[in-house]
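> Here you go, this is model31.tsv (TSV, C-alpha atoms and all ligand atoms).
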```
chain	number	residue	atom	x	y	z
A	278	MET	CA	35.77	8.03	-7.46
A	279	SER	CA	34.33	11.47	-6.75
A	280	ARG	CA	37.56	13.16	-7.96
A	281	ARG	CA	36.85	11.94	-11.48
A	282	ALA	CA	33.64	13.93	-11.69
A	283	ALA	CA	34.03	17.56	-12.76
A	284	ASN	CA	30.33	18.32	-12.48
A	285	ALA	CA	27.07	16.75	-11.37
A	286	SER	CA	26.35	15.37	-14.85
A	287	ASP	CA	29.59	13.34	-14.77
A	288	TYR	CA	28.11	11.37	-11.90
A	289	ARG	CA	25.41	10.02	-14.21
A	290	GLU	CA	27.94	7.91	-16.10
A	291	LEU	CA	29.58	6.78	-12.86
A	292	ALA	CA	26.18	5.80	-11.46
A	293	LYS	CA	25.38	3.87	-14.62
A	294	ALA	CA	28.58	1.86	-14.21
A	295	ARG	CA	27.83	1.15	-10.55
A	296	LEU	CA	24.10	0.35	-10.41
A	297	PRO	CA	22.34	-2.79	-11.61
A	298	HIS	CA	20.63	-2.01	-14.92
A	299	PHE	CA	17.03	-1.99	-13.60
A	300	LEU	CA	17.91	0.43	-10.77
A	301	PHE	CA	19.77	2.84	-13.05
A	302	GLU	CA	16.84	2.81	-15.47
A	303	TYR	CA	14.41	3.53	-12.63
A	304	LEU	CA	16.47	6.51	-11.47
A	305	ASP	CA	17.46	7.87	-14.86
A	306	GLY	CA	14.26	7.27	-16.78
A	307	GLY	CA	11.17	9.35	-17.39
A	308	SER	CA	7.72	8.53	-18.72
A	309	TYR	CA	6.62	7.69	-22.26
A	310	ASP	CA	9.04	9.24	-24.79
A	311	GLU	CA	10.81	11.30	-22.13
A	312	VAL	CA	9.97	14.57	-23.89
A	313	THR	CA	9.48	16.46	-20.63
A	314	LEU	CA	12.54	14.88	-19.06
A	315	LYS	CA	14.62	16.33	-21.90
A	316	ARG	CA	12.74	19.64	-21.88
A	317	ASN	CA	13.58	20.16	-18.22
A	318	LEU	CA	17.26	20.01	-19.15
A	319	THR	CA	17.22	21.93	-22.43
A	320	ASP	CA	14.78	24.70	-21.45
A	321	LEU	CA	16.72	25.44	-18.29
A	322	ARG	CA	19.98	25.51	-20.18
A	323	SER	CA	18.56	27.94	-22.72
A	324	VAL	CA	17.76	30.56	-20.06
A	325	VAL	CA	20.05	33.48	-20.89
A	326	LEU	CA	21.42	35.59	-18.05
A	327	LYS	CA	22.84	39.08	-18.31
A	328	GLN	CA	26.54	39.46	-17.73
A	329	GLN	CA	27.04	42.47	-15.44
A	330	VAL	CA	30.53	43.64	-14.55
A	331	LEU	CA	32.49	45.94	-12.23
A	332	ARG	CA	30.17	45.62	-9.22
A	333	ASP	CA	32.55	44.49	-6.44
A	334	VAL	CA	31.69	40.84	-6.03
A	335	SER	CA	34.40	40.13	-3.46
A	336	ASP	CA	31.83	39.29	-0.76
A	337	ILE	CA	29.21	36.84	-1.98
A	338	ASP	CA	26.79	35.40	0.56
A	339	LEU	CA	24.57	32.47	-0.47
A	340	LYS	CA	22.69	32.15	2.82
A	341	THR	CA	18.94	32.14	2.67
A	342	THR	CA	16.03	31.68	5.07
A	343	LEU	CA	13.17	29.26	4.52
A	344	PHE	CA	10.62	28.11	7.09
A	345	SER	CA	12.28	30.32	9.72
A	346	LYS	CA	15.60	28.53	9.32
A	347	GLU	CA	18.82	29.74	7.78
A	348	TRP	CA	20.36	27.52	5.09
A	349	ALA	CA	23.86	27.78	3.61
A	350	MET	CA	22.41	28.19	0.12
A	351	PRO	CA	18.95	28.10	-1.50
A	352	VAL	CA	19.36	24.46	-2.44
A	353	GLY	CA	18.03	21.22	-0.97
A	354	LEU	CA	18.03	17.51	-1.70
A	355	GLY	CA	14.56	16.73	-3.03
A	356	PRO	CA	12.83	13.41	-2.39
A	357	VAL	CA	14.01	10.53	-4.59
A	358	GLY	CA	12.43	7.07	-4.46
A	359	LEU	CA	14.49	4.00	-3.55
A	360	ALA	CA	17.61	6.09	-2.88
A	361	GLY	CA	18.57	3.70	-0.11
A	362	LEU	CA	19.30	1.16	-2.83
A	363	TYR	CA	21.71	3.36	-4.75
A	364	ALA	CA	24.24	3.16	-1.90
A	365	ARG	CA	24.31	1.26	1.37
A	366	ARG	CA	21.57	2.75	3.61
A	367	GLY	CA	21.68	5.56	1.05
A	368	GLU	CA	19.16	7.95	2.56
A	369	VAL	CA	21.14	8.09	5.81
A	370	GLN	CA	24.29	8.92	3.82
A	371	ALA	CA	22.46	11.65	1.87
A	372	ALA	CA	20.95	13.13	5.04
A	373	ARG	CA	24.44	13.37	6.53
A	374	ALA	CA	25.86	15.08	3.44
A	375	ALA	CA	22.99	17.58	3.45
A	376	ALA	CA	23.34	18.31	7.17
A	377	ASN	CA	27.09	18.89	6.81
A	378	ALA	CA	26.42	21.30	3.94
A	379	ARG	CA	23.69	22.99	6.05
A	380	ILE	CA	20.95	22.41	3.53
A	381	PRO	CA	17.69	20.42	3.85
A	382	PHE	CA	17.15	16.82	2.80
A	383	ALA	CA	13.65	15.55	2.00
A	384	LEU	CA	13.05	11.86	2.63
A	385	SER	CA	10.74	10.12	0.15
A	386	THR	CA	7.78	8.08	1.38
A	387	VAL	CA	9.15	5.34	-0.89
A	388	SER	CA	12.63	5.34	0.61
A	389	ALA	CA	14.48	2.23	1.72
A	390	CYS	CA	15.49	3.73	5.08
A	391	SER	CA	12.55	4.68	7.26
A	392	LEU	CA	12.08	8.13	8.73
A	393	GLY	CA	12.98	6.58	12.11
A	394	GLU	CA	16.29	5.23	10.77
A	395	VAL	CA	17.25	8.56	9.16
A	396	ALA	CA	16.20	10.59	12.21
A	397	ALA	CA	18.20	8.25	14.46
A	398	SER	CA	21.32	9.26	12.53
A	399	GLY	CA	20.86	12.69	14.10
A	400	HIS	CA	19.83	14.44	10.88
A	401	VAL	CA	16.08	14.88	10.86
A	402	PRO	CA	14.82	15.25	7.28
A	403	TRP	CA	11.83	16.95	5.76
A	404	TYR	CA	9.27	14.26	5.08
A	405	GLN	CA	7.67	13.74	1.67
A	406	LEU	CA	4.17	12.34	1.86
A	407	TYR	CA	2.21	10.31	-0.68
A	408	PHE	CA	-1.41	9.38	-0.21
A	409	VAL	CA	-1.69	5.65	0.10
A	410	LYS	CA	-5.19	4.20	0.15
A	411	ASP	CA	-5.25	3.59	3.89
A	412	ARG	CA	-6.00	7.05	5.33
A	413	GLY	CA	-5.40	5.83	8.86
A	414	PHE	CA	-1.88	4.98	7.79
A	415	VAL	CA	-1.39	8.41	6.16
A	416	ALA	CA	-2.44	9.99	9.49
A	417	GLN	CA	0.07	7.74	11.21
A	418	MET	CA	2.88	8.86	8.86
A	419	ILE	CA	2.05	12.50	9.59
A	420	GLU	CA	2.15	11.73	13.30
A	421	THR	CA	5.55	10.00	12.89
A	422	ALA	CA	6.84	13.11	11.08
A	423	ARG	CA	5.53	15.27	13.93
A	424	GLU	CA	7.15	13.08	16.58
A	425	ALA	CA	10.46	13.18	14.70
A	426	SER	CA	10.17	17.02	14.48
A	427	CYS	CA	10.52	17.06	10.70
A	428	GLY	CA	11.10	20.61	9.47
A	429	ALA	CA	8.52	20.37	6.69
A	430	LEU	CA	5.94	18.02	5.23
A	431	VAL	CA	6.21	17.84	1.45
A	432	LEU	CA	2.90	16.62	0.07
A	433	THR	CA	3.45	15.30	-3.44
A	434	VAL	CA	0.32	15.68	-5.54
A	435	ASP	CA	1.37	14.69	-9.05
A	436	LEU	CA	1.40	10.94	-8.55
A	437	ALA	CA	-2.28	10.06	-8.14
A	438	VAL	CA	-1.49	7.45	-10.79
A	439	PRO	CA	1.98	6.51	-12.09
A	440	GLY	CA	3.16	7.68	-15.52
A	441	SER	CA	4.05	4.84	-17.90
A	442	ARG	CA	7.78	4.37	-17.71
A	443	TYR	CA	8.90	2.30	-20.64
A	444	ARG	CA	12.48	1.95	-19.44
A	445	ASP	CA	11.29	0.32	-16.22
A	446	ALA	CA	9.18	-2.09	-18.19
A	447	ARG	CA	12.07	-2.98	-20.50
A	448	ALA	CA	14.57	-3.45	-17.67
A	449	ALA	CA	12.20	-5.41	-15.46
A	450	GLY	CA	12.50	-9.11	-15.00
A	451	VAL	CA	12.91	-11.82	-12.45
A	452	GLY	CA	14.90	-15.02	-12.28
A	453	PRO	CA	17.99	-15.37	-14.50
A	454	ARG	CA	17.44	-11.99	-16.19
A	455	ARG	CA	17.55	-10.17	-12.85
A	456	THR	CA	20.41	-12.37	-11.61
A	457	LEU	CA	22.50	-11.44	-14.65
A	458	GLN	CA	21.88	-7.74	-14.04
A	459	LEU	CA	23.03	-8.16	-10.44
A	460	LEU	CA	26.09	-10.26	-11.28
A	461	ALA	CA	27.18	-7.59	-13.75
A	462	ARG	CA	27.57	-5.18	-10.81
A	463	PRO	CA	29.57	-7.15	-8.18
A	464	ARG	CA	30.58	-4.06	-6.24
A	465	TRP	CA	26.95	-3.00	-5.76
A	466	LEU	CA	25.94	-6.58	-5.08
A	467	TRP	CA	28.36	-6.87	-2.18
A	468	ASP	CA	28.13	-3.36	-0.76
A	469	VAL	CA	24.39	-2.69	-1.13
A	470	GLY	CA	22.83	-5.97	-2.22
A	471	LEU	CA	24.28	-7.98	0.66
A	472	LEU	CA	25.57	-5.56	3.31
A	473	GLY	CA	22.88	-2.93	2.71
A	474	LYS	CA	19.87	-4.98	3.71
A	475	PRO	CA	16.97	-4.74	4.42
A	476	HIS	CA	15.69	-3.61	1.02
A	477	SER	CA	12.14	-2.92	2.05
A	478	LEU	CA	10.32	0.42	1.77
A	479	GLY	CA	11.07	1.36	5.38
A	480	ASN	CA	8.19	3.82	5.85
A	481	LEU	CA	5.58	1.54	4.33
A	482	GLU	CA	6.67	-1.75	5.88
A	483	PRO	CA	3.68	-1.81	8.24
A	484	ILE	CA	1.27	-1.93	5.28
A	485	VAL	CA	3.24	-3.56	2.48
A	486	GLY	CA	5.59	-5.89	4.29
A	487	LYS	CA	9.31	-6.45	4.11
A	488	LYS	CA	9.69	-7.01	0.39
A	489	ALA	CA	10.44	-3.94	-1.75
A	490	PRO	CA	8.54	-3.96	-5.04
A	491	LEU	CA	11.71	-3.88	-7.08
A	492	SER	CA	10.47	-5.70	-10.13
A	493	ASP	CA	7.26	-3.80	-10.82
A	494	PHE	CA	7.14	-0.48	-9.03
A	495	GLN	CA	4.48	0.93	-11.37
A	496	THR	CA	1.92	-1.78	-10.73
A	497	TRP	CA	2.74	-1.55	-7.08
A	498	ILE	CA	2.01	2.20	-7.04
A	499	GLN	CA	-1.18	1.62	-8.99
A	500	SER	CA	-2.51	-0.73	-6.38
A	501	ASN	CA	-1.32	1.15	-3.29
A	502	PHE	CA	-1.65	4.88	-4.06
A	503	ASP	CA	-4.98	6.67	-3.86
A	504	PRO	CA	-6.18	8.18	-7.15
A	505	SER	CA	-9.13	9.89	-5.42
A	506	VAL	CA	-6.80	12.44	-3.80
A	507	ASN	CA	-8.13	16.04	-4.16
A	508	TRP	CA	-7.97	19.54	-2.64
A	509	LYS	CA	-10.12	18.47	0.33
A	510	ASP	CA	-7.34	16.06	1.27
A	511	VAL	CA	-4.91	18.98	1.38
A	512	GLU	CA	-7.25	20.62	3.90
A	513	TRP	CA	-7.31	17.34	5.82
A	514	VAL	CA	-3.49	17.23	5.94
A	515	ARG	CA	-3.41	20.91	6.94
A	516	GLY	CA	-5.66	20.02	9.86
A	517	GLN	CA	-3.22	17.38	11.08
A	518	TRP	CA	0.11	19.07	10.42
A	519	LYS	CA	0.95	22.38	12.08
A	520	GLY	CA	4.47	22.76	10.66
A	521	PRO	CA	5.47	24.01	7.21
A	522	LEU	CA	3.32	22.30	4.57
A	523	VAL	CA	4.73	22.19	1.05
A	524	ILE	CA	2.69	21.11	-1.98
A	525	LYS	CA	4.95	19.50	-4.55
A	526	GLY	CA	3.91	18.92	-8.15
A	527	ILE	CA	2.43	22.28	-9.21
A	528	LEU	CA	2.85	23.13	-12.90
A	529	ASP	CA	-0.12	25.37	-13.59
A	530	PRO	CA	-0.80	28.93	-12.37
A	531	ASP	CA	-4.43	28.10	-11.43
A	532	ASP	CA	-3.25	25.18	-9.30
A	533	ALA	CA	-0.66	27.48	-7.74
A	534	ARG	CA	-3.42	29.96	-6.75
A	535	GLU	CA	-5.47	27.09	-5.34
A	536	ALA	CA	-2.44	25.89	-3.36
A	537	ALA	CA	-1.97	29.38	-1.90
A	538	LYS	CA	-5.64	29.32	-0.77
A	539	SER	CA	-5.34	25.81	0.66
A	540	GLY	CA	-3.24	26.89	3.61
A	541	ALA	CA	0.03	25.52	2.23
A	542	ASP	CA	3.19	27.34	3.26
A	543	ALA	CA	5.09	26.79	0.00
A	544	ILE	CA	4.84	25.02	-3.34
A	545	VAL	CA	7.29	23.06	-5.43
A	546	VAL	CA	6.98	23.71	-9.16
A	547	SER	CA	7.62	20.21	-10.45
A	548	ASN	CA	6.70	17.71	-13.13
A	549	HIS	CA	8.21	14.91	-11.07
A	550	GLY	CA	11.43	14.95	-13.05
A	551	GLY	CA	9.58	14.14	-16.28
A	552	ARG	CA	8.37	10.87	-14.76
A	553	GLN	CA	4.64	11.55	-14.83
A	554	LEU	CA	2.68	13.24	-17.65
A	555	ASP	CA	5.06	13.37	-20.58
A	556	GLY	CA	4.86	16.37	-22.89
A	557	VAL	CA	3.95	18.88	-20.18
A	558	LEU	CA	5.92	22.08	-19.73
A	559	SER	CA	9.41	22.02	-18.37
A	560	THR	CA	9.64	23.53	-14.92
A	561	ALA	CA	11.84	26.34	-16.29
A	562	SER	CA	8.95	27.32	-18.61
A	563	ALA	CA	6.22	26.89	-16.00
A	564	LEU	CA	8.00	28.85	-13.29
A	565	GLY	CA	7.57	32.46	-14.48
A	566	PRO	CA	3.76	32.40	-14.88
A	567	ILE	CA	3.43	30.59	-11.54
A	568	ALA	CA	5.61	33.20	-9.82
A	569	ASP	CA	3.25	35.86	-11.27
A	570	ALA	CA	0.20	33.97	-10.00
A	571	ILE	CA	1.68	33.61	-6.51
A	572	GLY	CA	2.85	37.21	-6.40
A	573	GLY	CA	5.16	36.68	-3.44
A	574	ARG	CA	2.46	35.20	-1.16
A	575	LEU	CA	4.37	31.93	-0.69
A	576	PRO	CA	7.93	30.76	-1.20
A	577	ILE	CA	8.34	28.93	-4.50
A	578	LEU	CA	10.60	25.90	-4.69
A	579	VAL	CA	11.37	24.23	-7.98
A	580	ASP	CA	13.04	21.10	-9.31
A	581	GLY	CA	13.66	19.58	-12.75
A	582	GLY	CA	16.86	19.43	-14.76
A	583	VAL	CA	19.08	21.23	-12.26
A	584	ARG	CA	22.63	19.96	-12.72
A	585	SER	CA	24.80	22.93	-11.73
A	586	GLY	CA	25.02	26.04	-9.59
A	587	LEU	CA	24.46	28.04	-12.77
A	588	ASP	CA	21.15	26.18	-13.19
A	589	VAL	CA	20.27	27.12	-9.61
A	590	VAL	CA	20.89	30.79	-10.40
A	591	ARG	CA	18.82	30.44	-13.57
A	592	MET	CA	15.89	29.07	-11.54
A	593	LEU	CA	16.20	31.92	-9.03
A	594	ALA	CA	16.22	34.42	-11.90
A	595	LEU	CA	13.05	32.83	-13.28
A	596	GLY	CA	11.26	33.39	-9.97
A	597	ALA	CA	12.15	30.56	-7.58
A	598	ASP	CA	13.13	31.13	-3.96
A	599	PHE	CA	14.68	27.72	-3.40
A	600	VAL	CA	15.83	24.90	-5.67
A	601	LEU	CA	15.65	21.14	-5.15
A	602	LEU	CA	18.08	18.67	-6.67
A	603	GLY	CA	16.87	15.20	-7.64
A	604	ARG	CA	18.91	13.07	-10.01
A	605	ALA	CA	21.94	15.34	-9.47
A	606	TRP	CA	22.35	14.09	-5.91
A	607	ALA	CA	21.07	10.57	-6.52
A	608	TYR	CA	23.64	9.88	-9.28
A	609	ALA	CA	26.39	11.11	-6.94
A	610	LEU	CA	25.08	8.95	-4.12
A	611	ALA	CA	25.14	5.90	-6.38
A	612	ALA	CA	28.68	6.66	-7.53
A	613	GLY	CA	30.30	7.84	-4.34
A	614	GLY	CA	27.94	7.60	-1.35
A	615	GLU	CA	27.94	10.46	1.14
A	616	GLN	CA	31.23	11.78	-0.28
A	617	GLY	CA	29.78	11.91	-3.76
A	618	VAL	CA	26.78	13.94	-2.55
A	619	ALA	CA	29.04	16.24	-0.54
A	620	HIS	CA	31.19	16.76	-3.65
A	621	VAL	CA	28.19	17.65	-5.82
A	622	LEU	CA	27.03	20.17	-3.22
A	623	LYS	CA	30.48	21.76	-3.16
A	624	LEU	CA	30.45	21.98	-6.97
A	625	ILE	CA	26.97	23.53	-6.95
A	626	GLU	CA	28.02	26.08	-4.35
A	627	ALA	CA	31.17	27.05	-6.27
A	628	GLU	CA	29.24	27.30	-9.54
A	629	MET	CA	26.58	29.46	-7.90
A	630	ARG	CA	29.26	31.84	-6.66
A	631	VAL	CA	30.71	32.21	-10.14
A	632	ALA	CA	27.28	32.71	-11.74
A	633	MET	CA	26.39	35.35	-9.15
A	634	ALA	CA	29.73	37.11	-9.47
A	635	LEU	CA	29.44	37.36	-13.25
A	636	THR	CA	25.85	38.58	-13.09
A	637	GLY	CA	26.91	41.18	-10.54
A	638	CYS	CA	24.97	39.78	-7.56
A	639	THR	CA	26.35	39.31	-4.07
A	640	ARG	CA	23.15	38.23	-2.27
A	641	VAL	CA	20.61	35.58	-3.21
A	642	ASN	CA	17.72	38.05	-3.06
A	643	GLU	CA	19.40	40.15	-5.76
A	644	VAL	CA	18.92	37.31	-8.23
A	645	ASP	CA	15.62	38.10	-9.90
A	646	ARG	CA	14.04	38.56	-13.30
A	647	SER	CA	16.06	41.66	-14.00
A	648	LEU	CA	18.94	39.23	-14.66
A	649	LEU	CA	17.14	37.59	-17.60
A	650	ALA	CA	18.59	38.80	-20.87
A	701	LIG	C1	8.60	7.97	-7.18
A	701	LIG	O1	8.40	8.98	-6.61
A	701	LIG	C2	8.98	7.88	-8.55
A	701	LIG	O2	8.96	8.88	-9.27
A	701	LIG	O3	9.35	6.78	-8.96
```
How would this structure read if it were set down as structure tokens?

Amino acid sequence: MSRRAANASDYRELAKARLPHFLFEYLDGGSYDEVTLKRNLTDLRSVVLKQQVLRDVSDIDLKTTLFSKEWAMPVGLGPVGLAGLYARRGEVQAARAAANARIPFALSTVSACSLGEVAASGHVPWYQLYFVKDRGFVAQMIETAREASCGALVLTVDLAVPGSRYRDARAAGVGPRRTLQLLARPRWLWDVGLLGKPHSLGNLEPIVGKKAPLSDFQTWIQSNFDPSVNWKDVEWVRGQWKGPLVIKGILDPDDAREAAKSGADAIVVSNHGGRQLDGVLSTASALGPIADAIGGRLPILVDGGVRSGLDVVRMLALGADFVLLGRAWAYALAAGGEQGVAHVLKLIEAEMRVAMALTGCTRVNEVDRSLLA
């Protein structure tokens, strides 16, 4: 299956053919008219790099250091909700692919596999944290991440309320409608639907029970997430978590400055893959001004629309230090499991090498704004 994909985008079609309709729509969709979702892709693709030649690019090294750890390349698997339903025990498969590629994997709070299950596979992830209403439970999740020795806590701050996702609403349904969607994907039904149980939200089972909210995720988020979350809560988390604290969901230079003051160790420039406030800036457009505001005080991670190693180099040139993949790895997971994710990472690495060679860079830290044409 993975051999048929020439690039990460090819996996989208393969995922569409493999996943039940409602799951593909959840993964693929954005909010409202999906303006920002599209902007993430088109703005990034319209970043023009300088071709620079005759600079001896025979020795290219992609290694980079983040949070005192060396990674094979400045790329990680960002948190993606319900990934454990795209392939059998999907988050464990993704964690393994990331570990083998020597890059980080961030486990979503709303994953199917719990942090305990992923950590037990021997590949301890970063942990992405949402504020649910029960603060005692949030404290407990932070403690679980500490006990598991997670390499970073990624506090996602752009989902105080869920964006309206029309595709989810259209694809939703129970009874015969849902049954037809499942029967149309027998391979998934057998491999994930039957053999991949349980389908609960592993990390949240203690507060929400064993049933995953597959038919109405938006309403579920509305009733379980805490819209009162504010900068004081970041301080509160900082007080409980001594390891690297990453604030994910920054799109505005003032918020970036505030994040730097809050004691965070890094930020992720993100609009949640175009799934929250539609019409906001693409991350490729937001990145430069945020890099100026941060002025090198903190590492800047970014996600949104990254589908190739060339896109990774574009993000680095715009001012990022590290790049997170979202749909790019989740499509591959749906289509080909761990092997699919491993294949996408190999493609990204190869494409990065070519982009660096043709821009005349041999080290990641040489990729900066001077490369923008
Ligand atoms: C969850 O993080 C989502 O975007 O659905």
> Pick out the closest residue to A:Phe599 from this set: A:Ala537, A:Cys638, A:Leu564, A:Ala396. Count all atoms listed in the file.
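With all atoms listed in the file as the atom set, the closest residue is A:Leu564.
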> Please report the interatomic distance between atom CA of A:Phe502 and atom CA of A:Val409 in Å with one decimal.
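Spanning atom CA of A:Phe502 to atom CA of A:Val409 is a straight-line distance of 4.2 Å.
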> Rank A:Gly596, A:Pro576, A:Gly470, A:Pro475 by their smallest atom-to-atom distance to A:Ser562, using all atoms listed in the file, and report the top residue only.
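Ranking A:Gly596, A:Pro576, A:Gly470, A:Pro475 by distance to A:Ser562, first place goes to A:Gly596.
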> In Å, with one decimal, what is the gap from atom CA of A:Asp542 to atom CA of A:Ala397?
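Straight-line distance from atom CA of A:Asp542 to atom CA of A:Ala397 works out to 26.7 Å.
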> Could you report the residues within 10 Å of ligand LIG 701 (chain A), using only C-alpha atoms and all ligand atoms, as JSON, numbers by chain?
{"A": [303, 304, 306, 307, 308, 356, 357, 358, 359, 385, 386, 387, 388, 405, 407, 433, 435, 436, 439, 440, 442, 445, 494, 495, 498, 548, 549, 550, 551, 552, 553]}
> Pick the closest to A:Gly367 from A:Ala349, A:Leu558, A:Leu578, A:Val469: which is it, counting all atoms listed in the file?
A:Val469
> Could you tell me which of A:Leu354, A:Leu343, A:Val523, A:Leu649 comes closest to A:Ile625 if we count only C-alpha atoms?
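Among A:Leu354, A:Leu343, A:Val523, A:Leu649, it is A:Leu354 that comes nearest to A:Ile625.
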> How many Å lie between atom CA of A:Arg464 and atom CA of A:Gly582, rounded to one decimal?
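Answer for the atom CA of A:Arg464 to atom CA of A:Gly582 separation: 28.5 Å.
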> When you count all atoms listed in the file, which of these residues is closest to A:Gly617: A:Ala375, A:Leu339, A:Leu331, A:Leu362?
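For A:Gly617, the nearest of the candidates is A:Ala375.
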> Compute the distance from (4.1, 14.7, -23.8) to each atom, counting only C-alpha atoms, keep the residues with any atom at most 10 Å away, and return them as number ranges by chain; use the coordinates of the file.
A: 308-314, 551, 553-558
> Those same residues - C-alpha atoms - I'd like them written as a PDB file, keeping the file's coordinate frame.

```pdb
ATOM      1  CA  SER A 308       7.720   8.530 -18.720  1.00  0.00           C
ATOM      2  CA  TYR A 309       6.620   7.690 -22.260  1.00  0.00           C
ATOM      3  CA  ASP A 310       9.040   9.240 -24.790  1.00  0.00           C
ATOM      4  CA  GLU A 311      10.810  11.300 -22.130  1.00  0.00           C
ATOM      5  CA  VAL A 312       9.970  14.570 -23.890  1.00  0.00           C
ATOM      6  CA  THR A 313       9.480  16.460 -20.630  1.00  0.00           C
ATOM      7  CA  LEU A 314      12.540  14.880 -19.060  1.00  0.00           C
ATOM      8  CA  GLY A 551       9.580  14.140 -16.280  1.00  0.00           C
ATOM      9  CA  GLN A 553       4.640  11.550 -14.830  1.00  0.00           C
ATOM     10  CA  LEU A 554       2.680  13.240 -17.650  1.00  0.00           C
ATOM     11  CA  ASP A 555       5.060  13.370 -20.580  1.00  0.00           C
ATOM     12  CA  GLY A 556       4.860  16.370 -22.890  1.00  0.00           C
ATOM     13  CA  VAL A 557       3.950  18.880 -20.180  1.00  0.00           C
ATOM     14  CA  LEU A 558       5.920  22.080 -19.730  1.00  0.00           C
TER      15      LEU A 558
END
```
> With only C-alpha atoms as the basis for distance, which of A:Arg584, A:Lys340, A:Lys293, A:Arg630 is at the shortest distance from A:Asp305?
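Residue with the minimum atom-to-atom distance to A:Asp305: A:Lys293.
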> At a cut-off of 6 Å from (34.2, 38.3, -6.5) in the coordinates of the file, what residues are picked up using all atoms listed in the file, written as a ChimeraX atom specification?
/A:334-335,634
